[in-house]
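Structure below is target_37.txt: compact mmCIF, C-alpha atoms.
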# COMPACT_ATOMS: atom_id res chain seq x y z
CA MET K 1 -19.88 -56.03 -32.54
CA SER K 2 -21.78 -54.65 -29.57
CA LYS K 3 -24.75 -52.37 -30.21
CA ASP K 4 -24.16 -50.57 -26.98
CA LEU K 5 -24.20 -46.75 -27.47
CA ASN K 6 -21.06 -46.40 -25.45
CA ASN K 7 -19.20 -48.39 -28.04
CA ILE K 8 -20.07 -45.98 -30.94
CA LYS K 9 -17.37 -43.35 -30.73
CA LYS K 10 -17.33 -42.14 -34.35
CA THR K 11 -19.99 -40.62 -36.67
CA GLY K 12 -18.69 -42.31 -39.77
CA PHE K 13 -18.39 -39.04 -41.68
CA LYS K 14 -15.26 -38.48 -43.68
CA VAL K 15 -13.58 -35.35 -45.06
CA PRO K 16 -11.43 -35.07 -48.20
CA LYS K 17 -7.73 -35.46 -47.63
CA ASP K 18 -5.95 -32.26 -46.47
CA TYR K 19 -9.28 -30.47 -46.15
CA PHE K 20 -8.41 -28.78 -42.89
CA GLY K 21 -4.86 -28.02 -43.94
CA SER K 22 -6.02 -25.83 -46.85
CA LEU K 23 -9.09 -24.32 -45.20
CA GLU K 24 -7.47 -20.98 -44.21
CA ASP K 25 -6.28 -20.34 -47.77
CA LYS K 26 -9.62 -21.31 -49.18
CA ILE K 27 -11.52 -18.89 -46.96
CA SER K 28 -9.18 -15.98 -47.61
CA ASN K 29 -9.38 -16.64 -51.36
CA THR K 30 -13.15 -16.58 -51.22
CA MET K 31 -13.03 -13.30 -49.34
CA ASP K 32 -10.72 -11.76 -51.96
CA SER K 33 -13.01 -12.61 -54.79
CA SER K 34 -16.24 -11.98 -52.95
CA SER K 35 -18.58 -9.62 -54.70
CA SER K 36 -19.24 -7.36 -51.74
CA LEU K 37 -18.55 -3.68 -52.04
CA GLU K 38 -16.80 -3.62 -48.64
CA SER K 39 -14.02 -5.82 -49.98
CA ILE K 40 -12.95 -3.14 -52.46
CA ASN K 41 -11.04 -0.28 -50.95
CA SER K 42 -9.16 1.13 -53.91
CA THR K 43 -9.92 1.91 -57.54
CA GLY K 44 -7.08 -0.11 -59.05
CA PHE K 45 -5.95 2.90 -61.07
CA ASP K 46 -2.23 3.31 -61.41
CA LEU K 47 -0.13 6.23 -62.67
CA PRO K 48 3.34 6.50 -64.23
CA GLU K 49 6.20 6.65 -61.79
CA ALA K 50 7.26 10.22 -60.93
CA TYR K 51 4.36 11.65 -62.92
CA LEU K 52 3.24 13.86 -60.04
CA ASN K 53 6.68 15.52 -59.88
CA THR K 54 6.27 16.78 -63.43
CA VAL K 55 2.90 18.51 -62.99
CA GLU K 56 4.23 21.91 -61.80
CA ASP K 57 6.64 22.26 -64.75
CA ALA K 58 4.06 21.09 -67.27
CA VAL K 59 1.54 23.69 -66.05
CA PHE K 60 4.13 26.51 -66.04
CA ASN K 61 5.29 25.53 -69.54
CA ARG K 62 1.79 25.74 -70.87
CA LEU K 63 1.20 29.07 -69.15
CA SER K 64 4.36 30.58 -70.67
CA GLN K 65 3.41 29.24 -74.11
CA GLN K 66 -0.01 30.83 -73.81
CA ASP K 67 1.54 34.15 -72.78
CA SER K 68 3.93 34.28 -75.72
CA SER K 69 1.44 33.21 -78.35
CA LYS K 70 -2.06 34.09 -77.44
CA VAL K 71 -4.53 32.12 -79.50
CA PHE K 72 -7.69 33.90 -80.48
CA SER K 73 -10.70 32.02 -81.57
CA LEU K 74 -11.35 32.99 -85.18
CA PHE K 75 -15.07 32.47 -84.94
CA SER K 76 -15.94 34.29 -81.76
CA ARG K 77 -19.02 36.50 -81.97
CA LYS K 78 -16.86 39.60 -81.56
CA ASN K 79 -14.57 38.62 -84.45
CA ILE K 80 -17.47 37.80 -86.72
CA THR K 81 -18.90 41.28 -86.07
CA TYR K 82 -15.55 42.90 -86.91
CA LEU K 83 -15.01 40.76 -90.00
CA SER K 84 -18.48 41.32 -91.37
CA GLY K 85 -17.96 45.08 -90.84
CA ILE K 86 -14.70 44.95 -92.80
CA ALA K 87 -16.32 42.88 -95.56
CA ALA K 88 -19.23 45.34 -95.87
CA ALA K 89 -16.83 48.30 -96.04
CA ALA K 90 -14.76 46.55 -98.73
CA LEU K 91 -17.87 45.87 -100.80
CA LEU K 92 -18.95 49.48 -100.50
CA ILE K 93 -15.54 50.75 -101.68
CA PHE K 94 -15.49 48.37 -104.65
CA GLY K 95 -19.06 49.31 -105.52
CA LEU K 96 -18.20 53.01 -105.57
CA PHE K 97 -15.03 52.39 -107.57
CA PHE K 98 -16.83 50.47 -110.32
CA ASN K 99 -19.77 52.84 -110.46
CA LYS K 100 -17.40 55.72 -111.11
CA ASN K 101 -15.96 53.95 -114.14
CA ASN K 102 -19.46 53.11 -115.28
CA ILE K 103 -18.48 50.47 -117.83
CA THR K 104 -21.34 49.52 -120.17
CA ILE K 105 -21.52 47.78 -123.53
CA GLU K 106 -22.16 51.12 -125.25
CA ASN K 107 -19.05 52.89 -124.13
CA ILE K 108 -16.51 50.13 -124.65
CA ASN K 109 -14.10 51.09 -127.37
CA ILE K 110 -14.83 48.94 -130.47
CA GLU K 111 -11.16 48.79 -131.34
CA LEU K 112 -10.47 47.38 -127.88
CA VAL K 113 -12.97 44.56 -128.45
CA GLU K 114 -11.53 43.83 -131.89
CA ASN K 115 -8.02 43.68 -130.51
CA TYR K 116 -9.24 41.39 -127.75
CA ILE K 117 -10.83 38.99 -130.25
CA ILE K 118 -7.70 38.96 -132.43
CA ASN K 119 -5.31 38.51 -129.49
CA GLU K 120 -7.39 35.80 -127.88
CA ASP K 121 -7.34 33.94 -131.21
CA LEU K 122 -11.04 33.14 -131.15
CA ASP K 123 -12.32 31.11 -134.09
CA SER K 124 -15.86 31.01 -135.38
CA TYR K 125 -16.70 27.98 -133.25
CA ASP K 126 -15.77 29.83 -130.07
CA ILE K 127 -18.02 32.70 -131.05
CA ALA K 128 -20.82 30.32 -132.04
CA ALA K 129 -20.53 28.66 -128.66
CA LEU K 130 -21.22 32.01 -126.99
CA LEU K 131 -24.53 32.39 -128.79
CA SER K 132 -27.38 30.68 -127.07
CA GLU K 133 -29.81 28.63 -129.09
CA ASP K 134 -32.90 30.65 -128.33
CA GLU K 135 -31.32 33.67 -129.94
CA LEU K 136 -31.33 31.87 -133.25
CA GLN K 137 -34.87 30.63 -133.43
CA GLU K 138 -36.73 30.67 -136.74
CA GLU K 139 -39.56 32.86 -135.43
CA LEU K 140 -37.12 35.69 -135.00
CA PHE K 141 -36.51 35.77 -138.73
CA VAL K 142 -40.18 35.30 -139.60
CA GLN K 143 -41.16 38.26 -137.48
CA ASN K 144 -38.88 40.50 -139.49
CA THR K 145 -41.34 40.89 -142.33
CA ILE K 146 -39.74 42.24 -145.43
CA MET K 147 -41.84 44.46 -147.61
CA ASP K 148 -42.14 43.35 -151.24
CA GLU K 149 -41.08 46.78 -152.34
CA SER K 150 -37.84 46.73 -150.39
CA LEU K 151 -37.09 43.24 -151.65
CA GLU K 152 -37.53 44.42 -155.25
CA ASN K 153 -35.26 47.36 -154.60
CA TYR K 154 -32.64 45.14 -153.06
CA ILE K 155 -32.65 42.76 -156.04
CA LEU K 156 -32.52 45.56 -158.52
CA GLU K 157 -29.63 47.21 -156.77
CA ASN K 158 -27.54 44.24 -155.85
CA SER K 159 -27.92 41.50 -158.43
CA SER K 160 -27.27 41.25 -162.10
CA LEU K 161 -29.21 39.29 -164.72
CA GLU K 162 -26.33 36.78 -165.03
CA ASP K 163 -26.55 35.85 -161.39
CA LEU K 164 -30.23 35.14 -161.67
CA LEU K 165 -29.75 33.08 -164.80
CA ILE K 166 -27.06 30.94 -163.21
CA GLU K 167 -29.29 30.11 -160.24
CA MET M 1 -7.07 27.88 -43.02
CA ASP M 2 -4.58 30.63 -42.13
CA HIS M 3 -2.11 29.08 -44.50
CA GLU M 4 -4.78 29.16 -47.21
CA LYS M 5 -5.36 32.88 -46.58
CA GLU M 6 -1.65 33.59 -46.73
CA LEU M 7 -1.32 31.58 -49.94
CA LEU M 8 -4.24 33.47 -51.46
CA SER M 9 -2.73 36.88 -50.74
CA GLN M 10 0.57 35.66 -52.21
CA LEU M 11 -1.28 34.43 -55.31
CA LYS M 12 -2.86 37.82 -55.83
CA SER M 13 0.41 39.74 -55.54
CA PRO M 14 2.51 39.80 -58.77
CA GLN M 15 5.85 39.43 -56.93
CA THR M 16 4.97 36.21 -55.11
CA ARG M 17 2.42 34.83 -57.54
CA ASP M 18 4.56 32.27 -59.36
CA SER M 19 6.12 30.71 -56.28
CA ALA M 20 2.74 30.63 -54.49
CA PHE M 21 1.15 29.00 -57.51
CA ARG M 22 3.85 26.34 -57.57
CA GLU M 23 3.11 25.64 -53.92
CA LEU M 24 -0.61 25.49 -54.63
CA ILE M 25 -0.04 22.87 -57.34
CA SER M 26 2.17 20.81 -55.02
CA LEU M 27 -0.48 20.92 -52.31
CA TYR M 28 -3.45 19.85 -54.40
CA LYS M 29 -2.14 18.03 -57.47
CA GLU M 30 -2.50 14.54 -56.04
CA ARG M 31 -6.00 14.94 -54.64
CA LEU M 32 -7.25 16.67 -57.78
CA TYR M 33 -5.55 14.13 -60.03
CA TRP M 34 -7.33 11.19 -58.40
CA HIS M 35 -10.62 13.04 -58.40
CA ILE M 36 -10.30 13.70 -62.15
CA ARG M 37 -9.00 10.21 -62.88
CA LYS M 38 -12.14 8.63 -61.43
CA ILE M 39 -14.24 10.69 -63.85
CA VAL M 40 -12.25 10.51 -67.10
CA ILE M 41 -10.67 7.04 -66.37
CA SER M 42 -7.56 7.21 -68.58
CA HIS M 43 -4.26 8.61 -67.26
CA ASN M 44 -3.44 10.72 -70.33
CA ASP M 45 -6.85 12.38 -70.32
CA SER M 46 -6.55 12.99 -66.58
CA ASP M 47 -3.18 14.67 -67.14
CA ASP M 48 -4.72 17.02 -69.72
CA VAL M 49 -7.68 17.86 -67.51
CA LEU M 50 -5.45 18.39 -64.44
CA GLN M 51 -3.27 20.89 -66.33
CA ASN M 52 -6.34 22.67 -67.68
CA THR M 53 -7.71 22.87 -64.15
CA PHE M 54 -4.57 24.53 -62.76
CA ILE M 55 -4.37 26.94 -65.70
CA LYS M 56 -7.98 27.94 -65.09
CA VAL M 57 -7.25 28.39 -61.37
CA PHE M 58 -4.25 30.60 -62.19
CA LYS M 59 -6.19 32.77 -64.63
CA ASN M 60 -9.21 33.17 -62.39
CA ILE M 61 -7.59 33.51 -59.00
CA ASP M 62 -8.49 37.22 -58.93
CA LYS M 63 -12.14 36.30 -59.31
CA PHE M 64 -12.04 33.97 -56.30
CA LYS M 65 -14.02 35.82 -53.66
CA GLY M 66 -13.40 33.50 -50.74
CA ASP M 67 -17.07 32.53 -50.29
CA SER M 68 -15.98 28.91 -50.07
CA LYS M 69 -12.67 27.27 -49.28
CA LEU M 70 -9.96 27.53 -51.92
CA TYR M 71 -9.83 23.75 -51.93
CA SER M 72 -13.58 23.44 -52.63
CA TRP M 73 -13.34 26.03 -55.38
CA MET M 74 -10.50 24.10 -57.06
CA TYR M 75 -12.39 20.81 -56.72
CA ARG M 76 -15.36 22.46 -58.39
CA ILE M 77 -13.20 23.66 -61.30
CA ALA M 78 -11.65 20.18 -61.65
CA THR M 79 -15.10 18.55 -61.67
CA ASN M 80 -16.39 20.97 -64.31
CA GLU M 81 -13.28 20.55 -66.44
CA ALA M 82 -13.53 16.74 -66.29
CA ILE M 83 -17.23 16.71 -67.16
CA SER M 84 -16.82 19.21 -70.00
CA PHE M 85 -13.93 17.06 -71.29
CA LEU M 86 -16.29 14.07 -71.46
CA ASN M 87 -18.95 16.19 -73.16
CA LYS M 88 -16.48 17.55 -75.71
CA ASN M 89 -15.33 14.04 -76.57
CA ALA M 90 -18.92 12.89 -76.84
CA LYS M 91 -19.72 15.72 -79.24
CA ARG M 92 -16.64 14.95 -81.34
CA LEU M 93 -17.52 11.25 -81.55
CA GLN M 94 -21.26 12.00 -81.86
CA ILE M 95 -22.18 9.77 -78.91
CA THR M 96 -23.35 10.50 -75.35
CA SER M 97 -20.91 11.29 -72.52
CA GLU M 98 -22.08 8.10 -70.75
CA GLU M 99 -20.98 6.12 -73.80
CA VAL M 100 -17.59 7.86 -73.71
CA GLN M 101 -17.18 6.79 -70.09
CA ASN M 102 -18.36 3.22 -70.77
CA HIS M 103 -15.90 3.00 -73.61
CA ALA M 104 -13.07 4.16 -71.33
CA VAL M 105 -14.02 1.62 -68.65
CA ASN M 106 -14.21 -1.20 -71.19
CA ASN M 107 -10.67 -0.32 -72.28
CA LEU M 108 -9.35 -0.65 -68.73
CA ARG M 109 -8.38 -4.31 -69.09
CA ALA M 110 -5.81 -3.31 -71.71
CA ASP M 111 -4.73 -0.11 -69.88
CA VAL M 112 -1.13 -0.23 -68.65
CA HIS M 113 -2.05 2.18 -65.88
CA PHE M 114 -4.72 -0.05 -64.38
CA ASP M 115 -3.61 -2.88 -62.13
CA GLY M 116 -6.91 -3.66 -60.48
CA ASN M 117 -8.29 -7.19 -60.18
CA GLU M 118 -11.55 -8.46 -61.67
CA ILE M 119 -13.69 -7.17 -58.84
CA GLN M 120 -12.15 -3.68 -59.02
CA LEU M 121 -12.81 -3.67 -62.75
CA LYS M 122 -16.38 -4.74 -62.10
CA LEU M 123 -16.76 -1.87 -59.62
CA GLN M 124 -15.64 0.62 -62.28
CA GLN M 125 -18.15 -0.86 -64.69
CA ALA M 126 -20.83 -0.57 -62.02
CA ILE M 127 -19.97 3.08 -61.33
CA ALA M 128 -20.13 3.87 -65.05
CA THR M 129 -23.77 2.76 -65.14
CA LEU M 130 -24.77 5.47 -62.62
CA PRO M 131 -25.95 8.97 -63.52
CA GLN M 132 -23.11 11.53 -63.45
CA LYS M 133 -24.14 13.12 -60.13
CA GLN M 134 -24.36 9.76 -58.33
CA GLN M 135 -20.97 8.79 -59.74
CA LEU M 136 -19.40 11.93 -58.31
CA VAL M 137 -20.99 11.49 -54.91
CA PHE M 138 -20.09 7.80 -54.73
CA ASN M 139 -16.44 8.35 -55.70
CA MET M 140 -15.98 11.29 -53.37
CA LYS M 141 -17.56 9.55 -50.41
CA TYR M 142 -16.47 5.95 -50.88
CA PHE M 143 -12.87 6.38 -52.00
CA ASP M 144 -11.93 9.88 -50.80
CA ASP M 145 -14.14 9.97 -47.70
CA ILE M 146 -15.00 13.64 -48.23
CA LYS M 147 -17.49 14.95 -45.68
CA TYR M 148 -21.03 15.68 -46.88
CA ARG M 149 -20.63 19.29 -45.75
CA GLU M 150 -17.58 19.79 -47.95
CA MET M 151 -19.17 17.89 -50.80
CA ALA M 152 -22.21 20.18 -50.61
CA ASP M 153 -19.88 23.17 -50.91
CA ILE M 154 -18.07 21.67 -53.92
CA LEU M 155 -21.11 20.44 -55.81
CA LYS M 156 -23.41 23.26 -54.70
CA THR M 157 -26.12 20.86 -53.48
CA SER M 158 -27.75 20.24 -50.10
CA GLU M 159 -26.28 17.64 -47.74
CA GLY M 160 -29.60 15.78 -47.67
CA ALA M 161 -29.67 15.38 -51.44
CA LEU M 162 -26.07 14.13 -51.39
CA LYS M 163 -26.80 11.55 -48.69
CA ALA M 164 -29.78 10.28 -50.66
CA SER M 165 -27.69 10.12 -53.85
CA TYR M 166 -24.97 8.17 -52.08
CA HIS M 167 -27.36 5.58 -50.65
CA ILE M 168 -29.03 5.07 -54.02
CA ALA M 169 -25.61 4.73 -55.66
CA VAL M 170 -24.43 2.13 -53.12
CA LYS M 171 -27.61 0.10 -53.57
CA LYS M 172 -27.31 0.13 -57.34
CA ILE M 173 -23.64 -0.83 -57.22
CA GLU M 174 -24.24 -3.71 -54.79
CA GLN M 175 -27.00 -4.94 -57.02
CA TYR M 176 -24.70 -4.76 -60.04
CA LEU M 177 -21.87 -6.58 -58.27
CA THR M 178 -23.99 -9.43 -56.99
CA GLY M 179 -26.12 -9.61 -60.12
CA ASN M 180 -23.33 -9.74 -62.67
Produce structure tokens that represent the structure in this file.
Amino acid sequence: MSKDLNNIKKTGFKVPKDYFGSLEDKISNTMDSSSSLESINSTGFDLPEAYLNTVEDAVFNRLSQQDSSKVFSLFSRKNITYLSGIAAAALLIFGLFFNKNNITIENINIELVENYIINEDLDSYDIAALLSEDELQEELFVQNTIMDESLENYILENSSLEDLLIE
Amino acid sequence: MDHEKELLSQLKSPQTRDSAFRELISLYKERLYWHIRKIVISHNDSDDVLQNTFIKVFKNIDKFKGDSKLYSWMYRIATNEAISFLNKNAKRLQITSEEVQNHAVNNLRADVHFDGNEIQLKLQQAIATLPQKQQLVFNMKYFDDIKYREMADILKTSEGALKASYHIAVKKIEQYLTGN
């Protein structure tokens, strides 16, 4: 083989098979998936078919609904002012009403209380449950000092000799 | 502009109000829908917010003084409605509104109303990392190509501040896209 430069016509480089045949596709694919902002010209958002034709009717429907049934916010500042005014007035009326009757323990009819206890069928346990413990402390009894004289009188008046003998 | 004036006077007159309002919805529903959709992400939420926006427009049309364009005024209402929707949801779920948005973006892969490819999904994720104001500016400029002058009118900010916000947003997004 001659070493003459004129005889070397090829570089010896090789390319993969079909490289040039697929080059156009390859370049356009790379461009599609390139990360440059310029390659993106739409958001990719889609919307239901014919959606835009329904907007007018949807808005008018909602407007007519709002006209026929106006919704008031229950907790607006204005409403709270009104409601608290009404509540205060109601309290005042009830207060006056009860004060007029002036119900106290003293002026309750005893018969009424008796009837209540009978009708409610209260037994001794129910009544005992209403008494708080501190009302029945020993000290209360101790404080009620009984004079010897009154004790003598009580025994003389209320007990017989037989009773004392039995005990 | 003349048409807008005519529509406004029709909206303020009881006889023509309903038909004018229907026309107003037809004119702006698509633009407002896409604007809202980019903020709240899901279609159903966007539908709710869009209806709320038009109801608010209808109820407050008498208060519209004409200082700005009707279109800018409606865009402003839509923006406020969308942001307060995010805030309400955040309060209900006891998380931040950014977390609500991130959650919505992360659900996109399973959303039947999203047919974007991986890179579009990545862009949404990138946008969700921006502060709310930069998100708005980026979406309005990049996708809707709204002029800075109009944007300033809608968002009540100076053009200079908006330009700066947009450039910062683009930089951050490019960084996110190439970094992730």
Figure out the distance between CA of Ile39 in chain M and CA of Ala82 in chain M, please, to one decimal in Å.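 Atom-to-atom, CA of Ala82 in chain M to CA of Ile39 in chain M, that is 6.6 Å.
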Residue hits in chain K, query chain M, radius 8 Å, all atoms listed in the file, as a PDB file with C-alpha atoms, keeping the file's coordinate frame:
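Heads up, here's the output in part-v5.pdb:
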ATOM      1  CA  SER K  33     -13.010 -12.610 -54.790  1.00  0.00           C
ATOM      2  CA  SER K  35     -18.580  -9.620 -54.700  1.00  0.00           C
ATOM      3  CA  SER K  36     -19.240  -7.360 -51.740  1.00  0.00           C
ATOM      4  CA  LEU K  37     -18.550  -3.680 -52.040  1.00  0.00           C
ATOM      5  CA  ILE K  40     -12.950  -3.140 -52.460  1.00  0.00           C
ATOM      6  CA  ASN K  41     -11.040  -0.280 -50.950  1.00  0.00           C
ATOM      7  CA  SER K  42      -9.160   1.130 -53.910  1.00  0.00           C
ATOM      8  CA  THR K  43      -9.920   1.910 -57.540  1.00  0.00           C
ATOM      9  CA  GLY K  44      -7.080  -0.110 -59.050  1.00  0.00           C
ATOM     10  CA  PHE K  45      -5.950   2.900 -61.070  1.00  0.00           C
ATOM     11  CA  ASP K  46      -2.230   3.310 -61.410  1.00  0.00           C
ATOM     12  CA  LEU K  47      -0.130   6.230 -62.670  1.00  0.00           C
ATOM     13  CA  PRO K  48       3.340   6.500 -64.230  1.00  0.00           C
ATOM     14  CA  LEU K  52       3.240  13.860 -60.040  1.00  0.00           C
ATOM     15  CA  VAL K  55       2.900  18.510 -62.990  1.00  0.00           C
ATOM     16  CA  GLU K  56       4.230  21.910 -61.800  1.00  0.00           C
ATOM     17  CA  ALA K  58       4.060  21.090 -67.270  1.00  0.00           C
ATOM     18  CA  VAL K  59       1.540  23.690 -66.050  1.00  0.00           C
ATOM     19  CA  LEU K  63       1.200  29.070 -69.150  1.00  0.00           C
TER      20      LEU K  63
END
How many Å separate CA of Ala169 in chain M from CA of Val49 in chain M?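 It comes out at 25.2 Å.
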Give the answer as one residue: which of M:Asp153, M:Glu159, M:Glu4, M:Glu98 has the shortest atom-to-atom distance to Asp67 in chain M, using only C-alpha atoms?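 Closest to Asp67 in chain M of all the choices is M:Asp153.
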Two-atom distance - CA of Phe64 in chain M, CA of Ser84 in chain M (Å):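 These atoms are spaced 20.7 Å apart.
For the residues M:Val105, M:Asn89, M:Ala20, M:Leu136, ranking by smallest atom-to-atom distance to Tyr75 in chain M using only C-alpha atoms places M:Leu136 first.
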